[in-house]
>>> print(open('target29.pdb').read())   # PDB, C-alpha atoms
MODEL        1
ATOM      1  CA  MET A   1     319.634  13.563 142.559
ATOM      2  CA  THR A   2     318.126  11.725 139.618
ATOM      3  CA  ASP A   3     316.330  13.332 136.709
ATOM      4  CA  ALA A   4     313.087  11.820 137.958
ATOM      5  CA  GLN A   5     313.366  13.985 141.059
ATOM      6  CA  ARG A   6     313.548  17.212 139.118
ATOM      7  CA  THR A   7     310.468  19.415 139.164
ATOM      8  CA  GLY A   8     309.053  22.341 137.329
ATOM      9  CA  SER A   9     311.631  23.638 134.894
ATOM     10  CA  ALA A  10     309.807  22.371 131.799
ATOM     11  CA  ALA A  11     312.956  22.829 129.853
ATOM     12  CA  GLY A  12     315.768  21.054 128.146
ATOM     13  CA  GLY A  13     316.883  18.512 130.690
ATOM     14  CA  GLY A  14     318.532  18.446 134.049
ATOM     15  CA  VAL A  15     321.955  18.484 135.595
ATOM     16  CA  GLY A  16     321.988  19.049 139.270
ATOM     17  CA  VAL A  17     320.085  19.852 142.358
ATOM     18  CA  ALA A  18     316.552  21.161 142.670
ATOM     19  CA  GLY A  19     316.036  24.613 144.062
ATOM     20  CA  THR A  20     313.710  24.514 147.073
ATOM     21  CA  ALA A  21     311.483  27.328 145.857
ATOM     22  CA  ALA A  22     311.074  25.778 142.437
ATOM     23  CA  ALA A  23     310.295  22.393 143.933
ATOM     24  CA  GLU A  24     307.630  23.900 146.173
ATOM     25  CA  GLY A  25     306.115  26.380 143.749
ATOM     26  CA  MET A  26     306.184  24.815 140.293
ATOM     27  CA  ALA A  27     304.365  21.904 138.720
ATOM     28  CA  PRO A  28     306.341  18.676 138.317
ATOM     29  CA  PHE A  29     307.109  17.289 134.866
ATOM     30  CA  ASN A  30     309.106  14.352 136.151
ATOM     31  CA  ASP A  31     308.092  11.864 133.478
ATOM     32  CA  LEU A  32     309.117  13.966 130.466
ATOM     33  CA  TYR A  33     312.856  14.277 130.730
ATOM     34  CA  ASP A  34     314.168  10.758 130.382
ATOM     35  CA  GLN A  35     311.841   8.961 128.007
ATOM     36  CA  PRO A  36     313.277   6.784 125.232
ATOM     37  CA  ASP A  37     312.354   9.552 122.756
ATOM     38  CA  PRO A  38     311.013  13.141 122.841
ATOM     39  CA  ARG A  39     307.371  12.601 121.904
ATOM     40  CA  ALA A  40     305.939  12.966 125.420
ATOM     41  CA  TYR A  41     308.059  16.077 125.997
ATOM     42  CA  PHE A  42     306.501  17.883 123.049
ATOM     43  CA  ARG A  43     303.019  16.467 123.612
ATOM     44  CA  VAL A  44     302.837  17.778 127.187
ATOM     45  CA  LEU A  45     304.690  21.082 126.777
ATOM     46  CA  GLY A  46     302.953  22.102 123.546
ATOM     47  CA  PRO A  47     299.654  23.119 125.179
ATOM     48  CA  LEU A  48     301.664  25.103 127.763
ATOM     49  CA  GLU A  49     303.396  26.996 124.933
ATOM     50  CA  TYR A  50     306.897  26.212 126.139
ATOM     51  CA  ARG A  51     309.076  28.545 124.045
ATOM     52  CA  THR A  52     312.559  29.063 125.476
ATOM     53  CA  PRO A  53     314.564  27.005 122.939
ATOM     54  CA  GLY A  54     312.860  28.972 120.165
ATOM     55  CA  HIS A  55     313.935  32.284 121.701
ATOM     56  CA  ALA A  56     317.421  30.912 122.225
ATOM     57  CA  GLN A  57     317.828  29.657 118.663
ATOM     58  CA  HIS A  58     318.423  33.088 117.132
ATOM     59  CA  ILE A  59     320.514  34.389 120.026
ATOM     60  CA  PHE A  60     322.763  31.327 120.184
ATOM     61  CA  ARG A  61     323.396  31.627 116.449
ATOM     62  CA  ARG A  62     324.442  35.255 116.956
ATOM     63  CA  LEU A  63     326.763  34.274 119.785
ATOM     64  CA  ARG A  64     328.285  31.516 117.677
ATOM     65  CA  SER A  65     328.884  33.978 114.805
ATOM     66  CA  ALA A  66     330.533  36.489 117.148
ATOM     67  CA  LEU A  67     332.830  33.818 118.565
ATOM     68  CA  ASP A  68     333.703  32.544 115.095
ATOM     69  CA  ALA A  69     334.546  36.062 113.927
ATOM     70  CA  ALA A  70     336.933  36.580 116.846
ATOM     71  CA  ALA A  71     338.612  33.176 116.627
ATOM     72  CA  PRO A  72     342.007  32.747 114.955
ATOM     73  CA  ALA A  73     341.802  31.283 111.484
ATOM     74  CA  ASP A  74     344.001  28.340 112.446
ATOM     75  CA  GLY A  75     342.171  27.627 115.696
ATOM     76  CA  PRO A  76     340.100  24.489 116.426
ATOM     77  CA  PRO A  77     336.432  24.402 115.410
ATOM     78  CA  LEU A  78     334.037  25.886 117.953
ATOM     79  CA  THR A  79     332.543  23.480 120.474
ATOM     80  CA  VAL A  80     329.254  24.296 122.210
ATOM     81  CA  LEU A  81     328.502  22.591 125.513
ATOM     82  CA  ASP A  82     324.749  22.420 126.081
ATOM     83  CA  LEU A  83     323.885  21.918 129.750
ATOM     84  CA  CYS A  84     320.586  20.204 130.483
ATOM     85  CA  CYS A  85     320.618  19.114 126.847
ATOM     86  CA  SER A  86     317.858  16.534 127.140
ATOM     87  CA  TYR A  87     317.084  15.096 123.678
ATOM     88  CA  GLY A  88     319.346  17.573 121.851
ATOM     89  CA  ILE A  89     316.688  20.188 121.136
ATOM     90  CA  ASN A  90     319.037  23.180 121.274
ATOM     91  CA  ALA A  91     321.453  21.355 118.974
ATOM     92  CA  ALA A  92     318.605  20.656 116.555
ATOM     93  CA  LEU A  93     317.683  24.337 116.434
ATOM     94  CA  LEU A  94     321.259  25.594 116.263
ATOM     95  CA  ASN A  95     322.478  23.338 113.465
ATOM     96  CA  HIS A  96     319.398  22.685 111.333
ATOM     97  CA  ASP A  97     316.894  24.631 109.276
ATOM     98  CA  VAL A  98     313.990  23.910 111.607
ATOM     99  CA  THR A  99     311.991  25.917 114.121
ATOM    100  CA  LEU A 100     310.647  24.933 117.517
ATOM    101  CA  GLY A 101     307.187  24.997 115.948
ATOM    102  CA  ASP A 102     308.340  22.470 113.363
ATOM    103  CA  LEU A 103     309.463  20.149 116.158
ATOM    104  CA  TYR A 104     306.163  20.447 118.021
ATOM    105  CA  GLU A 105     304.300  19.614 114.828
ATOM    106  CA  ARG A 106     306.604  16.711 114.017
ATOM    107  CA  TYR A 107     306.619  14.957 117.372
ATOM    108  CA  THR A 108     302.888  15.341 118.026
ATOM    109  CA  SER A 109     301.866  14.144 114.556
ATOM    110  CA  HIS A 110     299.845  10.996 113.899
ATOM    111  CA  GLU A 111     302.795   9.650 111.904
ATOM    112  CA  ALA A 112     305.157   9.990 114.860
ATOM    113  CA  ALA A 113     302.598   8.468 117.229
ATOM    114  CA  SER A 114     302.438   5.288 115.148
ATOM    115  CA  MET A 115     306.183   4.585 115.324
ATOM    116  CA  SER A 116     308.360   2.623 117.679
ATOM    117  CA  THR A 117     311.298   4.472 119.206
ATOM    118  CA  ALA A 118     313.653   2.741 116.765
ATOM    119  CA  GLN A 119     311.505   3.790 113.815
ATOM    120  CA  LEU A 120     311.288   7.347 115.116
ATOM    121  CA  ALA A 121     315.059   7.525 115.501
ATOM    122  CA  GLU A 122     315.604   6.396 111.914
ATOM    123  CA  TRP A 123     312.980   8.902 110.727
ATOM    124  CA  ASP A 124     314.766  11.614 112.695
ATOM    125  CA  ARG A 125     318.212  10.748 111.358
ATOM    126  CA  GLU A 126     316.968  11.294 107.815
ATOM    127  CA  PHE A 127     315.017  14.421 108.782
ATOM    128  CA  TYR A 128     317.927  16.201 110.451
ATOM    129  CA  ALA A 129     320.494  15.090 107.879
ATOM    130  CA  ALA A 130     318.385  16.662 105.133
ATOM    131  CA  ARG A 131     318.089  19.966 107.033
ATOM    132  CA  ARG A 132     321.607  20.313 108.401
ATOM    133  CA  ARG A 133     323.043  23.775 107.921
ATOM    134  CA  ARG A 134     326.226  24.252 105.902
ATOM    135  CA  ASP A 135     328.105  25.512 108.958
ATOM    136  CA  PRO A 136     327.169  23.143 111.816
ATOM    137  CA  VAL A 137     328.926  23.539 115.118
ATOM    138  CA  ARG A 138     330.063  20.667 117.326
ATOM    139  CA  VAL A 139     327.600  20.309 120.202
ATOM    140  CA  VAL A 140     328.430  18.288 123.311
ATOM    141  CA  GLY A 141     325.433  17.533 125.522
ATOM    142  CA  LEU A 142     325.394  17.095 129.283
ATOM    143  CA  ASP A 143     322.356  15.913 131.203
ATOM    144  CA  ILE A 144     321.628  13.446 133.979
ATOM    145  CA  ALA A 145     318.976  11.768 131.792
ATOM    146  CA  PRO A 146     320.706   8.832 130.051
ATOM    147  CA  HIS A 147     317.851   7.906 127.710
ATOM    148  CA  ALA A 148     317.454  11.477 126.473
ATOM    149  CA  VAL A 149     321.190  11.920 125.896
ATOM    150  CA  ALA A 150     321.362   8.589 124.089
ATOM    151  CA  TYR A 151     318.536   9.644 121.770
ATOM    152  CA  GLY A 152     320.242  12.947 120.940
ATOM    153  CA  ARG A 153     323.400  11.073 120.027
ATOM    154  CA  ALA A 154     321.608   8.329 118.110
ATOM    155  CA  VAL A 155     319.878  10.728 115.717
ATOM    156  CA  GLY A 156     322.996  12.812 115.134
ATOM    157  CA  LEU A 157     322.100  15.954 117.073
ATOM    158  CA  LEU A 158     324.869  15.618 119.672
ATOM    159  CA  ALA A 159     328.450  15.025 118.569
ATOM    160  CA  ASP A 160     328.996  13.638 122.032
ATOM    161  CA  GLY A 161     326.807  13.312 125.084
ATOM    162  CA  PHE A 162     327.268  12.568 128.764
ATOM    163  CA  ALA A 163     324.752  11.476 131.388
ATOM    164  CA  GLU A 164     326.554  12.795 134.466
ATOM    165  CA  ASN A 165     325.462  14.753 137.516
ATOM    166  CA  LEU A 166     328.241  17.187 138.395
ATOM    167  CA  GLU A 167     326.360  18.329 141.480
ATOM    168  CA  ASP A 168     327.140  14.915 142.977
ATOM    169  CA  ALA A 169     330.431  13.871 141.401
ATOM    170  CA  PRO A 170     333.315  15.329 139.388
ATOM    171  CA  PRO A 171     333.241  15.009 135.598
ATOM    172  CA  SER A 172     334.589  11.874 134.032
ATOM    173  CA  PRO A 173     337.894  12.082 132.165
ATOM    174  CA  ALA A 174     335.974  11.601 128.905
ATOM    175  CA  LEU A 175     333.739  14.595 129.645
ATOM    176  CA  ARG A 176     336.728  16.748 130.538
ATOM    177  CA  ARG A 177     338.345  15.864 127.220
ATOM    178  CA  ALA A 178     335.140  16.515 125.297
ATOM    179  CA  VAL A 179     334.762  20.072 126.631
ATOM    180  CA  ARG A 180     338.424  21.006 126.249
ATOM    181  CA  GLU A 181     337.710  23.143 123.170
ATOM    182  CA  ALA A 182     334.369  24.518 124.426
ATOM    183  CA  ARG A 183     333.961  28.227 123.746
ATOM    184  CA  LEU A 184     330.243  28.538 124.450
ATOM    185  CA  ILE A 185     328.171  26.964 127.231
ATOM    186  CA  THR A 186     324.400  27.186 126.776
ATOM    187  CA  VAL A 187     321.520  26.607 129.191
ATOM    188  CA  THR A 188     317.873  27.096 128.243
ATOM    189  CA  GLY A 189     316.417  25.386 131.288
ATOM    190  CA  GLY A 190     317.713  23.943 134.496
ATOM    191  CA  THR A 191     319.568  26.802 136.174
ATOM    192  CA  SER A 192     317.253  26.341 139.147
ATOM    193  CA  PHE A 193     318.947  22.992 139.647
ATOM    194  CA  LEU A 194     322.542  24.021 139.010
ATOM    195  CA  SER A 195     325.234  25.460 141.232
ATOM    196  CA  PRO A 196     328.959  26.271 140.951
ATOM    197  CA  ARG A 197     329.580  22.555 141.494
ATOM    198  CA  THR A 198     328.531  22.027 137.880
ATOM    199  CA  PHE A 199     330.164  25.081 136.298
ATOM    200  CA  ARG A 200     333.514  25.109 138.104
ATOM    201  CA  PRO A 201     334.940  21.821 136.783
ATOM    202  CA  LEU A 202     333.685  22.512 133.263
ATOM    203  CA  LEU A 203     335.365  25.899 133.087
ATOM    204  CA  SER A 204     338.502  24.397 134.590
ATOM    205  CA  ALA A 205     338.554  21.773 131.825
ATOM    206  CA  ALA A 206     338.192  24.292 128.979
ATOM    207  CA  ARG A 207     341.473  25.399 127.453
ATOM    208  CA  GLY A 208     340.477  28.924 126.508
ATOM    209  CA  PRO A 209     338.013  31.664 127.479
ATOM    210  CA  VAL A 210     334.392  30.543 127.501
ATOM    211  CA  TRP A 211     331.131  32.410 127.056
ATOM    212  CA  VAL A 212     328.200  31.193 129.175
ATOM    213  CA  ALA A 213     324.673  31.965 127.955
ATOM    214  CA  SER A 214     321.908  31.041 130.402
ATOM    215  CA  PHE A 215     318.187  31.656 130.135
ATOM    216  CA  VAL A 216     317.209  32.074 133.774
ATOM    217  CA  LEU A 217     313.679  32.121 135.147
ATOM    218  CA  ARG A 218     312.856  35.400 136.886
ATOM    219  CA  THR A 219     311.843  33.287 139.870
ATOM    220  CA  THR A 220     315.434  32.021 140.175
ATOM    221  CA  ALA A 221     318.497  33.796 141.560
ATOM    222  CA  TYR A 222     321.658  33.585 139.436
ATOM    223  CA  THR A 223     323.998  35.299 141.881
ATOM    224  CA  GLU A 224     325.829  32.204 143.095
ATOM    225  CA  ILE A 225     326.555  30.997 139.569
ATOM    226  CA  SER A 226     327.596  34.419 138.269
ATOM    227  CA  GLY A 227     329.944  34.705 141.248
ATOM    228  CA  CYS A 228     331.526  31.397 140.276
ATOM    229  CA  LEU A 229     331.927  32.573 136.686
ATOM    230  CA  ALA A 230     333.538  35.801 137.883
ATOM    231  CA  ALA A 231     336.278  33.741 139.496
ATOM    232  CA  PHE A 232     337.157  32.582 135.976
ATOM    233  CA  GLY A 233     337.302  36.156 134.684
ATOM    234  CA  LEU A 234     333.795  36.227 133.217
ATOM    235  CA  ALA A 235     331.614  39.306 133.653
ATOM    236  CA  THR A 236     327.875  38.597 133.642
ATOM    237  CA  GLU A 237     325.383  40.900 131.940
ATOM    238  CA  ARG A 238     321.616  40.512 132.025
ATOM    239  CA  ALA A 239     319.846  41.358 128.769
ATOM    240  CA  ALA A 240     317.029  43.878 129.053
ATOM    241  CA  PRO A 241     314.221  41.955 127.311
ATOM    242  CA  THR A 242     312.573  39.010 129.001
ATOM    243  CA  PHE A 243     311.158  36.009 127.196
ATOM    244  CA  PRO A 244     307.973  34.066 127.968
ATOM    245  CA  GLN A 245     308.905  30.540 128.977
ATOM    246  CA  ARG A 246     305.560  28.743 129.307
ATOM    247  CA  ARG A 247     302.035  29.191 130.583
ATOM    248  CA  PHE A 248     301.264  28.523 134.211
ATOM    249  CA  THR A 249     299.591  25.206 134.831
ATOM    250  CA  ASP A 250     297.311  26.556 137.545
ATOM    251  CA  GLU A 251     296.621  29.383 139.985
ATOM    252  CA  ARG A 252     299.202  28.062 142.454
ATOM    253  CA  GLU A 253     301.992  28.523 139.922
ATOM    254  CA  ARG A 254     300.738  31.986 138.997
ATOM    255  CA  ARG A 255     300.683  33.109 142.615
ATOM    256  CA  TYR A 256     304.105  31.598 143.264
ATOM    257  CA  ALA A 257     305.652  33.346 140.251
ATOM    258  CA  ILE A 258     304.140  36.755 140.971
ATOM    259  CA  ASP A 259     305.064  36.636 144.650
ATOM    260  CA  THR A 260     308.619  35.466 143.932
ATOM    261  CA  VAL A 261     309.479  38.004 141.242
ATOM    262  CA  THR A 262     307.931  40.792 143.306
ATOM    263  CA  ALA A 263     310.022  39.794 146.326
ATOM    264  CA  ALA A 264     313.098  39.859 144.065
ATOM    265  CA  GLY A 265     312.340  43.459 143.077
ATOM    266  CA  HIS A 266     310.958  42.740 139.610
ATOM    267  CA  ASP A 267     307.639  43.971 138.236
ATOM    268  CA  PRO A 268     305.325  41.137 137.149
ATOM    269  CA  GLU A 269     303.037  43.466 135.189
ATOM    270  CA  GLY A 270     302.757  42.374 131.558
ATOM    271  CA  LYS A 271     304.820  39.272 132.228
ATOM    272  CA  GLU A 272     303.924  36.853 135.035
ATOM    273  CA  SER A 273     300.662  38.727 135.539
ATOM    274  CA  ASP A 274     299.755  37.774 131.957
ATOM    275  CA  GLY A 275     300.010  34.067 132.741
ATOM    276  CA  TYR A 276     303.559  33.105 131.780
ATOM    277  CA  PHE A 277     306.818  32.344 133.492
ATOM    278  CA  HIS A 278     309.467  34.648 132.026
ATOM    279  CA  THR A 279     313.192  34.130 131.575
ATOM    280  CA  ALA A 280     316.059  36.591 131.171
ATOM    281  CA  LEU A 281     319.258  35.934 129.278
ATOM    282  CA  HIS A 282     322.427  36.161 131.371
ATOM    283  CA  LEU A 283     325.578  36.286 129.249
ATOM    284  CA  SER A 284     328.970  35.854 130.925
ATOM    285  CA  ARG A 285     332.138  36.724 128.979
ATOM    286  CA  PRO A 286     335.685  37.971 129.455
ATOM    287  CA  THR A 287     335.648  41.717 130.110
ATOM    288  CA  SER A 288     337.518  42.403 126.867
ATOM    289  CA  ASP A 289     334.708  40.728 124.896
ATOM    290  CA  VAL A 290     332.078  42.737 126.778
ATOM    291  CA  VAL A 291     333.811  45.926 125.604
ATOM    292  CA  MET A 292     334.405  44.772 122.027
ATOM    293  CA  THR A 293     330.936  43.318 121.426
ATOM    294  CA  PRO A 294     328.170  45.111 123.343
ATOM    295  CA  LEU A 295     325.342  42.928 124.552
ATOM    296  CA  ASP A 296     322.681  44.859 122.635
ATOM    297  CA  THR A 297     324.356  43.841 119.349
ATOM    298  CA  LEU A 298     323.854  40.182 120.273
ATOM    299  CA  VAL A 299     320.354  40.298 121.736
ATOM    300  CA  PRO A 300     317.930  42.143 119.450
TER     301      PRO A 300
ENDMDL
END
>>> encode(input="target29.pdb", output="structure tokens")
Amino acid sequence: MTDAQRTGSAAGGGVGVAGTAAAEGMAPFNDLYDQPDPRAYFRVLGPLEYRTPGHAQHIFRRLRSALDAAAPADGPPLTVLDLCCSYGINAALLNHDVTLGDLYERYTSHEAASMSTAQLAEWDREFYAARRRRDPVRVVGLDIAPHAVAYGRAVGLLADGFAENLEDAPPSPALRRAVREARLITVTGGTSFLSPRTFRPLLSAARGPVWVASFVLRTTAYTEISGCLAAFGLATERAAPTFPQRRFTDERERRYAIDTVTAAGHDPEGKESDGYFHTALHLSRPTSDVVMTPLDTLVP
């Protein structure tokens, strides 16, 4: 499957195979995910109030702090593997003093619109370098969109990036080496298109225990993936709050979302019934970490 075939997630990028329900029930955004730069992504998703990376920013920073606190002083620096990384948006929010709102404003501005991709990339390199936090973490990006990954690397958001589809083929030796020290895997969009075929080789390549933090649409089942993670000793918890992902594009999406979450045993009242897809955070960790650091201390 190519990134151009992906539909509906309106998220960070894509690695994998489209879920049938999502493909049938959600609007396509096929032309956003592998542009030479992120301007179209923000221009289209802004009016739909796409928010998930903004919700994730604060939670991922808490997870990173918890992992740092538990790591041995002489251990290697923390590596974060961002699945469906697209243009490096999660890396931008994790490692820089910017908000998702800042990025919407930046990439939809008249100044950005007047630039070539090369000019935008140079502008971005200076922008992110000036706002880089004192304690940046190494972020490796994985997405099947080569142009998006290349942009994230070119502007300094991704320490390394790979355009590979693990649903179709095993990871390259270079990818396996890059994720060897991964302690945190993040996903803000794309779980509808992922399966154990993506997670299994990545967890096998990591040297130590890994936390997996996935924002999962309430219209998407996570059971198959959580079962795969359990085979690696990771217990999955679902955080109580849900987070609005984006507005529905039309009545068809609204009906699809309400019907799907209702069939799954969830109540759409105040969530999908109010016009938004909602996500829930699923955090998978070794059982010892679940006991030592309760989920409600990580997700306010």
>>> closest_residue(input="target29.pdb", among="A:Val139, A:Gly46, A:Ala163, A:Arg61", to="Arg106 in chain A", atoms="all atoms listed in the file")
A:Gly46
>>> residues_around(input="target29.pdb", residues="range 254-267 of chain A", least_positions_apart="5", cutoff="10 Å", atoms="only C-alpha atoms", output="list in words")
Ala21, Ala22, Glu24, Gly25, Met26, Leu217, Arg218, Thr219, Thr220, Ala221, Arg247, Phe248, Thr249, Glu272, Ser273, Asp274, Gly275, Tyr276, Phe277 and His278 of chain A
>>> closest_atom_pairs(input="target29.pdb", of="range 52-98 of chain A", to="range 164-177 of chain A", cutoff="12 Å", atoms="only C-alpha atoms", output="Markdown table")
| residue | atom | partner | partner_atom | distance |
| --- | --- | --- | --- | --- |
| A:Thr79 | CA | A:Arg177 | CA | 11.7 |
| A:Leu81 | CA | A:Leu175 | CA | 10.4 |
| A:Leu83 | CA | A:Glu164 | CA | 10.6 |
| A:Cys84 | CA | A:Asn165 | CA | 10.1 |
| A:Cys85 | CA | A:Glu164 | CA | 11.5 |
| A:Ser86 | CA | A:Glu164 | CA | 12.0 |
>>> atom_distance(input="target29.pdb", atom1="CA of Cys228 in chain A", atom2="CA of Arg207 in chain A")
17.3 Å
>>> closest_residue(input="target29.pdb", among="A:Ala71, A:Ala40, A:Val140, A:Val216", to="Pro244 in chain A", atoms="only C-alpha atoms")
A:Val216
>>> atom_distance(input="target29.pdb", atom1="CA of Asp97 in chain A", atom2="CA of Tyr33 in chain A")
24.2 Å
>>> closest_residue(input="target29.pdb", among="A:Pro28, A:Gly227, A:Gln35, A:Pro72", to="Pro146 in chain A", atoms="only C-alpha atoms")
A:Gln35
>>> residues_near_point(input="target29.pdb", point="(318.9, 18.3, 122.4)", cutoff="8 Å", atoms="all atoms listed in the file", output="list of chain:residue names")
A:Gly12, A:Cys85, A:Ser86, A:Tyr87, A:Gly88, A:Ile89, A:Asn90, A:Ala91, A:Ala92, A:Gly141, A:Val149, A:Gly152, A:Leu157, A:Leu158
>>> closest_residue(input="target29.pdb", among="A:Asp82, A:Pro38, A:Glu269, A:Ser109", to="Ala178 in chain A", atoms="only C-alpha atoms")
A:Asp82
>>> residues_around(input="target29.pdb", residues="Val80 in chain A", least_positions_apart="4", cutoff="9 Å", atoms="only C-alpha atoms", output="PyMOL selection string")
chain A and resi 64+91+137-141+179+181-186
>>> atom_distance(input="target29.pdb", atom1="CA of Leu100 in chain A", atom2="CA of Pro53 in chain A")
7.0 Å
>>> resolve_selection(input="target29.pdb", expression="the PyMOL selection byres ((chain A and resi 42) around 9)", output="list in words")
Leu32, Pro38, Arg39, Ala40, Tyr41, Arg43, Val44, Leu45, Gly46, Pro47, Tyr50, Leu103, Tyr104, Glu105, Tyr107 and Thr108 of chain A
>>> residues_around(input="target29.pdb", residues="Leu298 in chain A", least_positions_apart="4", cutoff="8 Å", atoms="only C-alpha atoms", output="list in words")
Ile59, Arg62, Leu63, Thr293 and Pro294 of chain A
>>> residues_around(input="target29.pdb", residues="Val212 in chain A", least_positions_apart="2", cutoff="9 Å", atoms="only C-alpha atoms", output="JSON, numbers by chain")
{"A": [183, 184, 185, 186, 187, 210, 214, 229, 234, 236, 282, 283, 284, 285]}
>>> build_atoms(input="target29.pdb", residues="range 226-240 of chain A", atoms="N, CA, C and O atoms", output="compact mmCIF listing (two decimals), in the coordinates of the input")
# COMPACT_ATOMS: atom_id res chain seq x y z
N SER A 226 326.83 33.31 138.86
CA SER A 226 327.60 34.42 138.27
C SER A 226 328.84 34.72 139.09
O SER A 226 329.89 35.10 138.55
N GLY A 227 328.76 34.54 140.41
CA GLY A 227 329.94 34.70 141.25
C GLY A 227 331.01 33.68 140.93
O GLY A 227 332.21 33.99 140.89
N CYS A 228 330.59 32.44 140.68
CA CYS A 228 331.53 31.40 140.28
C CYS A 228 332.17 31.75 138.94
O CYS A 228 333.40 31.62 138.77
N LEU A 229 331.40 32.23 138.01
CA LEU A 229 331.93 32.57 136.69
C LEU A 229 332.91 33.74 136.78
O LEU A 229 333.89 33.80 136.03
N ALA A 230 332.63 34.67 137.70
CA ALA A 230 333.54 35.80 137.88
C ALA A 230 334.92 35.34 138.32
O ALA A 230 335.94 35.95 137.96
N ALA A 231 334.99 34.27 139.07
CA ALA A 231 336.28 33.74 139.50
C ALA A 231 337.10 33.24 138.32
O ALA A 231 338.33 33.09 138.44
N PHE A 232 336.46 32.99 137.19
CA PHE A 232 337.16 32.58 135.98
C PHE A 232 337.32 33.76 135.01
O PHE A 232 337.62 33.56 133.83
N GLY A 233 337.11 34.97 135.50
CA GLY A 233 337.30 36.16 134.68
C GLY A 233 336.14 36.50 133.78
O GLY A 233 336.32 37.28 132.83
N LEU A 234 334.96 35.98 134.06
CA LEU A 234 333.80 36.23 133.22
C LEU A 234 332.86 37.23 133.89
O LEU A 234 332.44 37.03 135.03
N ALA A 235 332.55 38.30 133.17
CA ALA A 235 331.61 39.31 133.65
C ALA A 235 330.22 38.96 133.14
O ALA A 235 330.05 38.66 131.95
N THR A 236 329.23 38.99 134.01
CA THR A 236 327.88 38.60 133.64
C THR A 236 327.01 39.83 133.42
O THR A 236 326.93 40.72 134.27
N GLU A 237 326.36 39.86 132.26
CA GLU A 237 325.38 40.90 131.94
C GLU A 237 324.01 40.25 131.79
O GLU A 237 323.89 39.12 131.29
N ARG A 238 322.99 40.99 132.17
CA ARG A 238 321.62 40.51 132.02
C ARG A 238 320.95 41.33 130.93
O ARG A 238 320.89 42.56 131.00
N ALA A 239 320.49 40.66 129.89
CA ALA A 239 319.85 41.36 128.77
C ALA A 239 318.54 41.99 129.22
O ALA A 239 317.83 41.45 130.09
N ALA A 240 318.21 43.13 128.63
CA ALA A 240 317.03 43.88 129.05
C ALA A 240 315.71 43.16 128.76
O ALA A 240 314.84 43.11 129.63
